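Participant: What follows is the file my_file_16.txt, containing compact mmCIF, C-alpha atoms:
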```txt
# COMPACT_ATOMS: atom_id res chain seq x y z
CA MET A 10 -3.19 -18.03 17.46
CA SER A 11 -1.75 -14.80 16.08
CA MET A 12 0.79 -12.85 18.07
CA LEU A 13 -0.35 -9.76 19.93
CA ALA A 14 0.35 -6.36 18.38
CA THR A 15 0.84 -3.06 20.19
CA PRO A 16 0.45 0.24 18.32
CA GLN A 17 3.11 2.86 19.02
CA SER A 18 3.59 6.48 18.00
CA MET A 19 6.62 8.71 17.57
CA THR A 20 6.57 12.52 17.24
CA PHE A 21 8.99 14.53 15.12
CA ALA A 22 9.32 18.25 15.84
CA ALA A 23 11.83 19.11 13.11
CA PRO A 24 10.40 19.94 9.67
CA LEU A 25 10.47 17.26 7.00
CA ALA A 26 11.24 18.76 3.59
CA LEU A 27 8.81 17.54 0.92
CA GLN A 28 9.29 16.88 -2.78
CA GLY A 29 6.65 19.47 -3.62
CA GLY A 30 8.76 22.23 -2.08
CA GLY A 31 7.04 22.65 1.26
CA SER A 32 7.58 20.92 4.58
CA ILE A 33 5.68 19.49 7.51
CA ARG A 34 6.64 19.80 11.18
CA ASP A 35 5.43 18.52 14.54
CA TYR A 36 4.05 15.38 12.95
CA HIS A 37 3.70 11.89 14.37
CA LEU A 38 4.01 8.45 12.83
CA SER A 39 2.15 5.40 14.05
CA TYR A 40 4.04 2.14 13.88
CA GLU A 41 4.19 -1.43 15.17
CA THR A 42 7.06 -3.84 15.64
CA TYR A 43 7.11 -7.63 15.81
CA GLY A 44 9.90 -9.93 16.96
CA GLN A 45 13.16 -8.93 18.60
CA LEU A 46 15.93 -6.71 17.27
CA ASN A 47 19.19 -8.65 17.49
CA ALA A 48 22.32 -7.38 19.22
CA ASP A 49 23.93 -5.81 16.15
CA LYS A 50 20.54 -4.53 14.85
CA SER A 51 21.00 -6.32 11.54
CA ASN A 52 17.72 -8.29 11.35
CA ALA A 53 15.24 -5.44 10.83
CA VAL A 54 12.68 -5.71 8.02
CA LEU A 55 10.55 -2.74 7.02
CA ILE A 56 7.09 -3.46 5.59
CA CYS A 57 5.62 -0.68 3.42
CA HIS A 58 1.85 -0.50 3.04
CA ALA A 59 -0.43 0.17 0.07
CA LEU A 60 -3.44 2.48 -0.29
CA ASN A 61 -5.96 0.90 2.06
CA ALA A 62 -3.61 -0.39 4.75
CA SER A 63 -1.62 0.79 7.73
CA HIS A 64 1.13 0.07 10.24
CA HIS A 65 -0.97 -2.83 11.59
CA VAL A 66 0.75 -5.39 9.40
CA ALA A 67 0.46 -8.52 11.50
CA GLY A 68 -0.78 -9.92 14.78
CA ARG A 69 -4.01 -9.01 16.55
CA TYR A 70 -5.03 -6.58 19.24
CA ALA A 71 -5.77 -7.98 22.68
CA GLY A 72 -9.48 -8.29 23.32
CA GLN A 73 -10.44 -7.42 19.74
CA ASP A 74 -11.91 -10.15 17.56
CA LYS A 75 -11.02 -10.16 13.88
CA SER A 76 -8.28 -7.57 14.37
CA GLU A 77 -5.53 -9.40 12.49
CA GLY A 78 -3.08 -7.26 10.53
CA TRP A 79 -3.49 -6.93 6.79
CA TRP A 80 -0.51 -9.23 6.03
CA ASP A 81 -0.89 -11.58 8.97
CA ASN A 82 -0.68 -14.62 6.67
CA MET A 83 2.79 -13.48 5.61
CA ILE A 84 4.38 -12.19 8.82
CA GLY A 85 4.63 -13.85 12.21
CA PRO A 86 6.23 -16.75 14.09
CA GLY A 87 7.03 -19.54 11.62
CA LYS A 88 5.52 -17.62 8.69
CA PRO A 89 7.36 -16.67 5.47
CA VAL A 90 8.70 -13.51 7.15
CA ASP A 91 9.48 -15.21 10.43
CA THR A 92 9.34 -12.93 13.47
CA GLU A 93 11.36 -15.49 15.41
CA ARG A 94 14.24 -14.50 13.13
CA PHE A 95 13.44 -10.95 12.05
CA PHE A 96 12.46 -7.70 13.72
CA VAL A 97 9.61 -6.48 11.54
CA ILE A 98 8.49 -2.84 11.45
CA GLY A 99 5.27 -1.45 9.98
CA ILE A 100 4.91 2.34 9.65
CA ASN A 101 1.75 4.25 8.79
CA ASN A 102 2.54 6.84 6.15
CA LEU A 103 2.07 10.58 6.48
CA GLY A 104 -1.31 11.68 5.14
CA SER A 105 -2.97 8.41 6.07
CA CYS A 106 -6.10 8.14 8.18
CA PHE A 107 -4.94 5.27 10.39
CA GLY A 108 -2.94 7.08 13.06
CA SER A 109 -0.10 9.07 11.53
CA THR A 110 -0.53 12.80 10.98
CA GLY A 111 -3.00 13.37 8.19
CA PRO A 112 -5.61 15.79 6.84
CA MET A 113 -7.90 15.22 9.82
CA HIS A 114 -5.29 16.49 12.29
CA THR A 115 -4.47 20.03 13.43
CA ASN A 116 -2.02 22.14 11.47
CA PRO A 117 0.45 23.51 14.07
CA ASP A 118 0.95 26.65 11.96
CA THR A 119 -2.75 27.65 11.94
CA GLY A 120 -4.35 25.80 14.83
CA ARG A 121 -7.02 24.53 12.41
CA ILE A 122 -7.67 21.12 10.89
CA TYR A 123 -5.47 20.61 7.83
CA GLY A 124 -8.23 19.37 5.51
CA ALA A 125 -7.36 20.20 1.92
CA ASP A 126 -4.36 22.23 3.14
CA PHE A 127 -2.43 19.10 4.06
CA PRO A 128 0.70 19.13 1.85
CA VAL A 129 0.92 16.82 -1.11
CA VAL A 130 3.19 13.91 -0.21
CA THR A 131 5.07 11.53 -2.48
CA VAL A 132 6.54 8.05 -2.23
CA GLU A 133 9.94 9.69 -1.73
CA ASP A 134 8.57 11.76 1.17
CA TRP A 135 7.22 8.63 2.83
CA VAL A 136 10.58 6.91 2.49
CA ASN A 137 12.34 9.89 4.06
CA ALA A 138 9.88 9.88 6.96
CA GLN A 139 10.38 6.14 7.43
CA ALA A 140 14.15 6.64 7.49
CA ARG A 141 13.75 9.21 10.28
CA LEU A 142 11.81 6.77 12.41
CA LEU A 143 14.44 4.08 11.82
CA ASP A 144 17.12 6.58 12.88
CA ALA A 145 15.21 7.07 16.14
CA LEU A 146 15.12 3.29 16.64
CA GLY A 147 18.86 3.13 16.12
CA ILE A 148 18.63 1.00 12.97
CA ALA A 149 21.37 2.00 10.53
CA GLN A 150 20.76 -0.70 7.93
CA LEU A 151 17.76 -2.89 7.11
CA ALA A 152 17.99 -6.55 6.26
CA ALA A 153 15.13 -5.96 3.82
CA VAL A 154 12.41 -3.57 2.72
CA MET A 155 9.27 -5.29 1.49
CA GLY A 156 5.95 -4.14 0.07
CA GLY A 157 3.15 -4.98 -2.32
CA SER A 158 1.52 -2.64 -4.85
CA LEU A 159 2.18 0.93 -3.67
CA GLY A 160 4.26 -0.64 -0.89
CA GLY A 161 6.45 -2.20 -3.57
CA MET A 162 7.04 1.26 -5.04
CA GLN A 163 8.27 2.41 -1.64
CA ALA A 164 10.60 -0.60 -1.42
CA LEU A 165 11.95 0.26 -4.88
CA SER A 166 12.40 3.91 -3.88
CA TRP A 167 14.34 2.85 -0.77
CA THR A 168 16.95 1.23 -3.02
CA LEU A 169 17.47 4.58 -4.76
CA GLN A 170 17.17 7.03 -1.87
CA TYR A 171 19.10 5.00 0.71
CA PRO A 172 21.10 2.38 -1.23
CA GLN A 173 23.52 1.85 1.66
CA ARG A 174 20.80 1.37 4.29
CA MET A 175 19.25 -1.87 3.01
CA ARG A 176 20.50 -5.21 1.79
CA HIS A 177 17.41 -6.66 0.12
CA ALA A 178 14.30 -5.30 -1.62
CA VAL A 179 11.18 -7.45 -1.96
CA VAL A 180 8.86 -5.84 -4.52
CA ILE A 181 5.53 -7.61 -5.00
CA ALA A 182 2.74 -6.91 -7.53
CA SER A 183 4.17 -3.49 -8.25
CA ALA A 184 5.45 -1.29 -11.07
CA PRO A 185 8.12 1.33 -11.82
CA ASN A 186 5.34 3.85 -12.50
CA LEU A 187 1.63 3.96 -13.32
CA THR A 188 0.35 3.52 -16.84
CA ALA A 189 -1.97 6.14 -18.33
CA GLU A 190 -4.87 3.74 -17.72
CA ASN A 191 -4.04 3.51 -14.02
CA ILE A 192 -3.76 7.28 -13.70
CA ALA A 193 -7.14 7.52 -15.43
CA PHE A 194 -8.76 5.18 -12.91
CA ASN A 195 -7.33 7.29 -10.07
CA GLU A 196 -8.61 10.51 -11.63
CA VAL A 197 -12.15 9.17 -12.06
CA ALA A 198 -12.13 8.10 -8.40
CA ARG A 199 -10.86 11.51 -7.28
CA ARG A 200 -13.49 13.30 -9.34
CA ALA A 201 -16.18 11.20 -7.70
CA ILE A 202 -14.96 12.50 -4.33
CA VAL A 203 -14.36 16.17 -5.12
CA THR A 204 -17.71 16.56 -6.90
CA ASP A 205 -19.62 15.14 -3.93
CA PRO A 206 -21.58 18.11 -2.48
CA ASP A 207 -20.40 17.09 0.99
CA PHE A 208 -16.71 17.48 0.04
CA HIS A 209 -16.70 21.27 0.56
CA GLY A 210 -13.36 21.75 -1.16
CA GLY A 211 -11.74 19.27 1.22
CA HIS A 212 -12.82 21.11 4.38
CA PHE A 213 -15.81 18.90 5.11
CA TYR A 214 -14.66 18.36 8.71
CA GLN A 215 -15.77 21.91 9.52
CA HIS A 216 -19.25 21.12 8.23
CA GLY A 217 -19.69 17.92 10.21
CA VAL A 218 -20.23 15.82 7.08
CA VAL A 219 -18.36 13.15 5.11
CA PRO A 220 -18.41 12.88 1.28
CA LYS A 221 -19.59 9.29 1.48
CA ARG A 222 -21.17 9.20 -1.96
CA GLY A 223 -17.86 10.03 -3.59
CA LEU A 224 -15.92 7.62 -1.39
CA ARG A 225 -18.33 4.81 -2.23
CA ILE A 226 -17.91 5.30 -5.96
CA ALA A 227 -14.12 5.65 -5.63
CA ARG A 228 -13.94 2.36 -3.77
CA MET A 229 -16.19 0.60 -6.26
CA ILE A 230 -13.98 1.74 -9.13
CA GLY A 231 -10.84 0.67 -7.30
CA HIS A 232 -12.24 -2.70 -6.30
CA ILE A 233 -13.08 -3.58 -9.89
CA THR A 234 -9.41 -3.10 -10.77
CA TYR A 235 -8.18 -5.29 -7.92
CA LEU A 236 -10.07 -8.39 -9.11
CA SER A 237 -9.52 -10.43 -12.24
CA ASP A 238 -12.29 -11.07 -14.77
CA ASP A 239 -12.06 -14.81 -14.01
CA VAL A 240 -12.61 -14.29 -10.27
CA MET A 241 -15.52 -11.94 -10.88
CA ASN A 242 -17.20 -14.38 -13.22
CA GLU A 243 -16.58 -17.36 -10.95
CA LYS A 244 -17.78 -15.56 -7.81
CA PHE A 245 -20.71 -13.62 -9.23
CA GLY A 246 -21.27 -14.36 -12.91
CA ARG A 247 -24.59 -12.94 -14.01
CA GLN A 248 -26.42 -14.05 -10.89
CA LEU A 249 -29.39 -11.95 -9.85
CA ARG A 250 -29.57 -11.01 -6.21
CA ASP A 251 -33.25 -11.89 -5.76
CA GLY A 252 -34.96 -14.67 -7.65
CA LEU A 253 -34.50 -15.83 -11.20
CA GLU A 254 -36.18 -12.99 -13.06
CA PRO A 255 -35.08 -9.35 -13.39
CA LYS A 256 -37.18 -6.58 -11.87
CA TYR A 257 -36.69 -4.31 -14.87
CA SER A 258 -35.50 -1.41 -12.73
CA THR A 259 -32.76 1.11 -13.41
CA GLN A 260 -32.37 1.98 -9.72
CA GLU A 261 -32.60 -1.24 -7.69
CA ILE A 262 -29.72 -3.63 -7.14
CA GLU A 263 -30.28 -6.46 -9.59
CA PHE A 264 -27.04 -8.41 -9.93
CA GLN A 265 -24.88 -9.99 -7.23
CA ILE A 266 -21.84 -8.07 -8.44
CA GLU A 267 -23.74 -4.81 -7.91
CA SER A 268 -24.59 -5.87 -4.36
CA TYR A 269 -20.96 -6.76 -3.68
CA LEU A 270 -19.62 -3.43 -4.98
CA ARG A 271 -22.23 -1.45 -3.04
CA TYR A 272 -21.26 -3.32 0.13
CA GLN A 273 -17.56 -2.62 -0.40
CA GLY A 274 -18.27 1.04 -1.10
CA ASP A 275 -20.48 1.45 1.98
CA LYS A 276 -17.90 -0.19 4.24
CA PHE A 277 -15.03 1.90 2.87
CA SER A 278 -16.90 5.19 3.26
CA ASP A 279 -17.39 4.49 6.97
CA TYR A 280 -13.68 4.46 7.81
CA PHE A 281 -11.55 6.00 5.07
CA ASP A 282 -10.78 9.70 4.76
CA ALA A 283 -11.57 11.46 1.49
CA ASN A 284 -8.53 13.75 1.54
CA THR A 285 -6.31 10.78 2.31
CA TYR A 286 -7.68 9.04 -0.77
CA LEU A 287 -6.76 12.05 -2.92
CA LEU A 288 -3.27 12.26 -1.42
CA ILE A 289 -2.38 8.59 -1.76
CA THR A 290 -3.67 8.17 -5.31
CA ARG A 291 -1.75 11.29 -6.35
CA ALA A 292 1.41 9.87 -4.77
CA LEU A 293 0.86 6.79 -6.92
CA ASP A 294 0.51 8.97 -10.02
CA TYR A 295 3.71 10.90 -9.33
CA PHE A 296 5.99 7.95 -8.66
CA ASP A 297 8.36 7.57 -11.60
CA PRO A 298 12.06 7.14 -10.74
CA ALA A 299 13.01 7.07 -14.44
CA ARG A 300 11.63 10.57 -15.04
CA ARG A 301 14.84 12.30 -13.95
CA HIS A 302 16.95 9.91 -16.04
CA GLY A 303 15.59 10.55 -19.51
CA ALA A 304 12.83 7.98 -18.95
CA SER A 305 15.50 5.28 -18.63
CA LEU A 306 14.70 2.86 -15.83
CA THR A 307 18.10 1.23 -16.35
CA GLN A 308 19.83 4.51 -15.58
CA ALA A 309 17.54 5.18 -12.62
CA LEU A 310 18.30 1.80 -11.03
CA ALA A 311 22.05 2.05 -11.59
CA GLN A 312 22.47 3.46 -8.07
CA ALA A 313 20.62 0.54 -6.42
CA GLN A 314 22.92 -1.81 -4.51
CA ALA A 315 20.42 -4.16 -2.87
CA LYS A 316 19.59 -7.69 -3.92
CA PHE A 317 16.05 -8.03 -5.24
CA LEU A 318 13.11 -10.40 -5.21
CA LEU A 319 10.21 -9.47 -7.48
CA VAL A 320 6.89 -11.31 -7.61
CA SER A 321 4.00 -10.75 -10.00
CA PHE A 322 0.69 -12.50 -10.67
CA SER A 323 -0.58 -13.63 -14.06
CA THR A 324 -4.10 -12.15 -13.78
CA ASP A 325 -3.08 -8.86 -12.18
CA TRP A 326 -4.00 -6.34 -14.86
CA ARG A 327 -3.61 -3.31 -12.58
CA PHE A 328 0.10 -4.06 -12.05
CA ALA A 329 0.69 -6.58 -14.80
CA PRO A 330 3.67 -8.98 -14.84
CA GLN A 331 5.14 -6.99 -17.72
CA ARG A 332 5.70 -4.07 -15.33
CA SER A 333 7.70 -6.27 -12.95
CA ARG A 334 9.68 -7.62 -15.89
CA GLU A 335 10.63 -4.03 -16.78
CA ILE A 336 12.22 -3.70 -13.35
CA VAL A 337 13.94 -7.09 -13.69
CA LYS A 338 15.41 -6.11 -17.07
CA ALA A 339 16.68 -2.78 -15.74
CA LEU A 340 18.33 -4.54 -12.81
CA LEU A 341 19.93 -7.16 -15.06
CA ASP A 342 21.17 -4.39 -17.34
CA ASN A 343 22.99 -3.08 -14.25
CA ARG A 344 24.18 -6.59 -13.33
CA ARG A 345 22.31 -6.53 -10.04
CA SER A 346 21.27 -9.68 -8.17
CA VAL A 347 17.59 -10.32 -8.86
CA ALA A 348 15.19 -13.24 -8.41
CA TYR A 349 11.81 -13.14 -10.14
CA ALA A 350 8.68 -15.27 -9.71
CA GLU A 351 5.58 -14.93 -11.87
CA ILE A 352 2.76 -16.77 -10.13
CA ASP A 353 -0.10 -18.19 -12.21
CA ALA A 354 -2.95 -17.18 -9.90
CA PRO A 355 -6.59 -16.28 -10.69
CA HIS A 356 -7.10 -13.56 -8.07
CA GLY A 357 -5.93 -10.42 -9.88
CA HIS A 358 -4.09 -7.68 -8.00
CA ASP A 359 -5.42 -8.87 -4.65
CA ALA A 360 -3.35 -12.04 -5.03
CA PHE A 361 -0.45 -10.43 -3.16
CA LEU A 362 -2.59 -10.45 -0.01
CA LEU A 363 -3.77 -14.07 -0.34
CA GLU A 364 -2.22 -17.32 0.79
CA ASP A 365 -1.11 -19.01 -2.43
CA PRO A 366 1.34 -21.79 -1.43
CA ARG A 367 3.67 -21.14 -4.38
CA TYR A 368 3.83 -17.42 -3.60
CA MET A 369 4.32 -18.01 0.11
CA GLY A 370 6.98 -20.58 -0.68
CA VAL A 371 8.98 -18.15 -2.81
CA VAL A 372 8.94 -15.49 -0.10
CA ARG A 373 9.74 -18.01 2.64
CA SER A 374 12.72 -19.37 0.72
CA TYR A 375 14.06 -15.88 0.04
CA PHE A 376 13.85 -14.82 3.69
CA GLU A 377 15.42 -18.09 4.81
CA ASN A 378 18.42 -17.15 2.70
CA ILE A 379 18.49 -13.69 4.28
CA ALA A 380 18.44 -15.35 7.71
CA LYS A 381 21.43 -17.48 6.71
CA GLU A 382 23.34 -14.30 5.82
CA LEU A 383 22.66 -13.03 9.35
CA ALA A 384 23.77 -16.22 11.06
```
The structure in this file should be written as structure tokens.
Facilitator:
Amino acid sequence: MSMLATPQSMTFAAPLALQGGGSIRDYHLSYETYGQLNADKSNAVLICHALNASHHVAGRYAGQDKSEGWWDNMIGPGKPVDTERFFVIGINNLGSCFGSTGPMHTNPDTGRIYGADFPVVTVEDWVNAQARLLDALGIAQLAAVMGGSLGGMQALSWTLQYPQRMRHAVVIASAPNLTAENIAFNEVARRAIVTDPDFHGGHFYQHGVVPKRGLRIARMIGHITYLSDDVMNEKFGRQLRDGLEPKYSTQEIEFQIESYLRYQGDKFSDYFDANTYLLITRALDYFDPARRHGASLTQALAQAQAKFLLVSFSTDWRFAPQRSREIVKALLDNRRSVAYAEIDAPHGHDAFLLEDPRYMGVVRSYFENIAKELA
């Protein structure tokens, strides 16, 4: 039985300065905590989420079936990140559509829904907002910051923005920046959304519509990149959805993979916000800590003081192992403490969410060592 989770919210009146030059004020952040903060507040672990996730990291909601958090296999009593030892915090990022202030909320300066006027936010902005919430909780230093994919970028950014406030960084299936191919995938997905007639320049809320067609296509594109070719072939192959013979139609769903992608797109368009999708994918595009250091990741990571665990997966072509090895090399160049595991797993980028015993074992062992430091 999973532990019970309780959503919380915290409001911040003071403006938060943003990388893009603007600011946002009177915003709120949704968050959840699991476990108990110890007496000297040294056992806190921050979990950073990726694109399609939230502060609901683990546990379930009372009275709600199938409400487990997105990393419930990783975090909880007796799990790799053991909430009997650690106080775990999940925070929903600004601009999201899962509780924290986002494009669907009211702009206090105008009294109207933000929509497309919501400020562009970056990974660095999210980290600064997270730090503010931790200040309010009285947590001066984290035992660890952990995240997968975009969450891993946030964990990496924590080591640069607040090197004194964390002791360990756990960066999983991530990268020091996006490749041109990844930016291209994001741009195609964004164009699918903004060219949907129901998008209305990002102010679709006023028209009582949702650009579902664009969201469906964006999700289909993204989902293809999350799976490996081996998993797709094993799960779907060239199977037809109905019968053994094709219908010779250009419009009907013929193959099982088409049916699967349509299903994923339909489901996504029912709950995800179009402006949020644009904001988060652009934050992914912008993240590049080496940019201000002559494109040298070694120089960028020189200020990091944390110990690191990096994990990658052999069939993840969206955030390939080579990208994690770039981070490892830069850390070793700076003589930082780093452990690295490259897991031979068939599941593609989604592997960081799945329960591979080797992967879980690596994370469990690392957090057991952190717990020993606290003892």
Participant: Would you please work out which residue, of A:Asp294, A:Glu93, A:Asp35, A:Glu377, is nearest to Glu190 (chain A) when using only C-alpha atoms?
Facilitator: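 With only C-alpha atoms as the atom set, the closest residue is A:Asp294.
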Participant: Name the residues within 6 Å of (-24.0, -15.4, -7.3), counting only C-alpha atoms in the file's coordinates, and put them as a CSV table (one decimal) with C-alpha atoms, in the frame of the given file.
Facilitator:
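The new file selection-v3.csv reads:
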```
chain,number,residue,atom,x,y,z
A,245,PHE,CA,-20.7,-13.6,-9.2
A,248,GLN,CA,-26.4,-14.0,-10.9
A,265,GLN,CA,-24.9,-10.0,-7.2
```
Participant: Which residues are near region 16-21 of chain A? Cut-off 10 Å, only C-alpha atoms, ignore same chain within fewer than 5 positions. Put them as a list in words.
Facilitator: Ile33, Arg34, Asp35, Tyr36, His37, Leu38, Ser39, Tyr40, Glu41, Thr42, His64, His65, Tyr70, Gly99, Ile100, Asn101, Gly108, Ser109, Thr110, Ala138, Arg141, Leu142 and Ala145 of chain A
Participant: Which value, in Å to one decimal, gives the distance between CA of Leu25 (chain A) and CA of Gln170 (chain A)?
Facilitator: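 It comes out at 15.1 Å.
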Participant: Excluding Ala283 (chain A) and residues on its chain fewer than 4 positions from it, collect all residues at most 10 Å away from it, counting all atoms listed in the file, and give them as a tab-separated table (two decimals) with C-alpha atoms, in the coordinates of the input.
Facilitator:
```tsv
chain	number	residue	atom	x	y	z
A	106	CYS	CA	-6.10	8.14	8.18
A	112	PRO	CA	-5.61	15.79	6.84
A	113	MET	CA	-7.90	15.22	9.82
A	124	GLY	CA	-8.23	19.37	5.51
A	125	ALA	CA	-7.36	20.20	1.92
A	199	ARG	CA	-10.86	11.51	-7.28
A	202	ILE	CA	-14.96	12.50	-4.33
A	203	VAL	CA	-14.36	16.17	-5.12
A	208	PHE	CA	-16.71	17.48	0.04
A	211	GLY	CA	-11.74	19.27	1.22
A	213	PHE	CA	-15.81	18.90	5.11
A	219	VAL	CA	-18.36	13.15	5.11
A	220	PRO	CA	-18.41	12.88	1.28
A	221	LYS	CA	-19.59	9.29	1.48
A	223	GLY	CA	-17.86	10.03	-3.59
A	224	LEU	CA	-15.92	7.62	-1.39
A	227	ALA	CA	-14.12	5.65	-5.63
A	278	SER	CA	-16.90	5.19	3.26
A	287	LEU	CA	-6.76	12.05	-2.92
A	288	LEU	CA	-3.27	12.26	-1.42
```
Participant: Output file request: region 341-355 of chain A, with N, CA and C atoms, as an mmCIF file, in the first residue's frame.
Facilitator:
```cif
data_model
loop_
_atom_site.group_PDB
_atom_site.id
_atom_site.type_symbol
_atom_site.label_atom_id
_atom_site.label_comp_id
_atom_site.auth_asym_id
_atom_site.auth_seq_id
_atom_site.Cartn_x
_atom_site.Cartn_y
_atom_site.Cartn_z
ATOM 1 N N LEU A 341 34.951 15.214 -13.718
ATOM 2 C CA LEU A 341 36.265 14.624 -13.446
ATOM 3 C C LEU A 341 37.380 15.617 -13.760
ATOM 4 N N ASP A 342 37.186 16.415 -14.812
ATOM 5 C CA ASP A 342 38.170 17.451 -15.123
ATOM 6 C C ASP A 342 38.349 18.405 -13.941
ATOM 7 N N ASN A 343 37.265 18.596 -13.194
ATOM 8 C CA ASN A 343 37.293 19.476 -12.018
ATOM 9 C C ASN A 343 37.569 18.712 -10.725
ATOM 10 N N ARG A 344 37.877 17.430 -10.868
ATOM 11 C CA ARG A 344 38.196 16.569 -9.722
ATOM 12 C C ARG A 344 37.064 16.516 -8.706
ATOM 13 N N ARG A 345 35.845 16.467 -9.221
ATOM 14 C CA ARG A 345 34.673 16.329 -8.362
ATOM 15 C C ARG A 345 34.357 14.849 -8.171
ATOM 16 N N SER A 346 33.658 14.548 -7.084
ATOM 17 C CA SER A 346 33.252 13.174 -6.783
ATOM 18 C C SER A 346 32.045 12.815 -7.644
ATOM 19 N N VAL A 347 32.176 11.785 -8.471
ATOM 20 C CA VAL A 347 31.080 11.414 -9.365
ATOM 21 C C VAL A 347 31.017 9.900 -9.533
ATOM 22 N N ALA A 348 29.795 9.371 -9.430
ATOM 23 C CA ALA A 348 29.525 7.963 -9.739
ATOM 24 C C ALA A 348 28.645 7.941 -10.985
ATOM 25 N N TYR A 349 28.871 6.970 -11.855
ATOM 26 C CA TYR A 349 28.120 6.915 -13.109
ATOM 27 C C TYR A 349 27.704 5.477 -13.401
ATOM 28 N N ALA A 350 26.430 5.306 -13.747
ATOM 29 C CA ALA A 350 25.906 3.994 -14.136
ATOM 30 C C ALA A 350 25.207 4.134 -15.481
ATOM 31 N N GLU A 351 25.593 3.291 -16.412
ATOM 32 C CA GLU A 351 24.948 3.232 -17.723
ATOM 33 C C GLU A 351 24.203 1.898 -17.802
ATOM 34 N N ILE A 352 22.885 1.980 -17.746
ATOM 35 C CA ILE A 352 22.054 0.780 -17.643
ATOM 36 C C ILE A 352 21.664 0.297 -19.036
ATOM 37 N N ASP A 353 21.929 -0.968 -19.310
ATOM 38 C CA ASP A 353 21.530 -1.578 -20.579
ATOM 39 C C ASP A 353 20.059 -1.968 -20.462
ATOM 40 N N ALA A 354 19.187 -1.094 -20.942
ATOM 41 C CA ALA A 354 17.743 -1.289 -20.806
ATOM 42 C C ALA A 354 17.070 -0.984 -22.143
ATOM 43 N N PRO A 355 16.005 -1.713 -22.492
ATOM 44 C CA PRO A 355 15.398 -1.566 -23.815
ATOM 45 C C PRO A 355 14.345 -0.471 -23.936
#
```
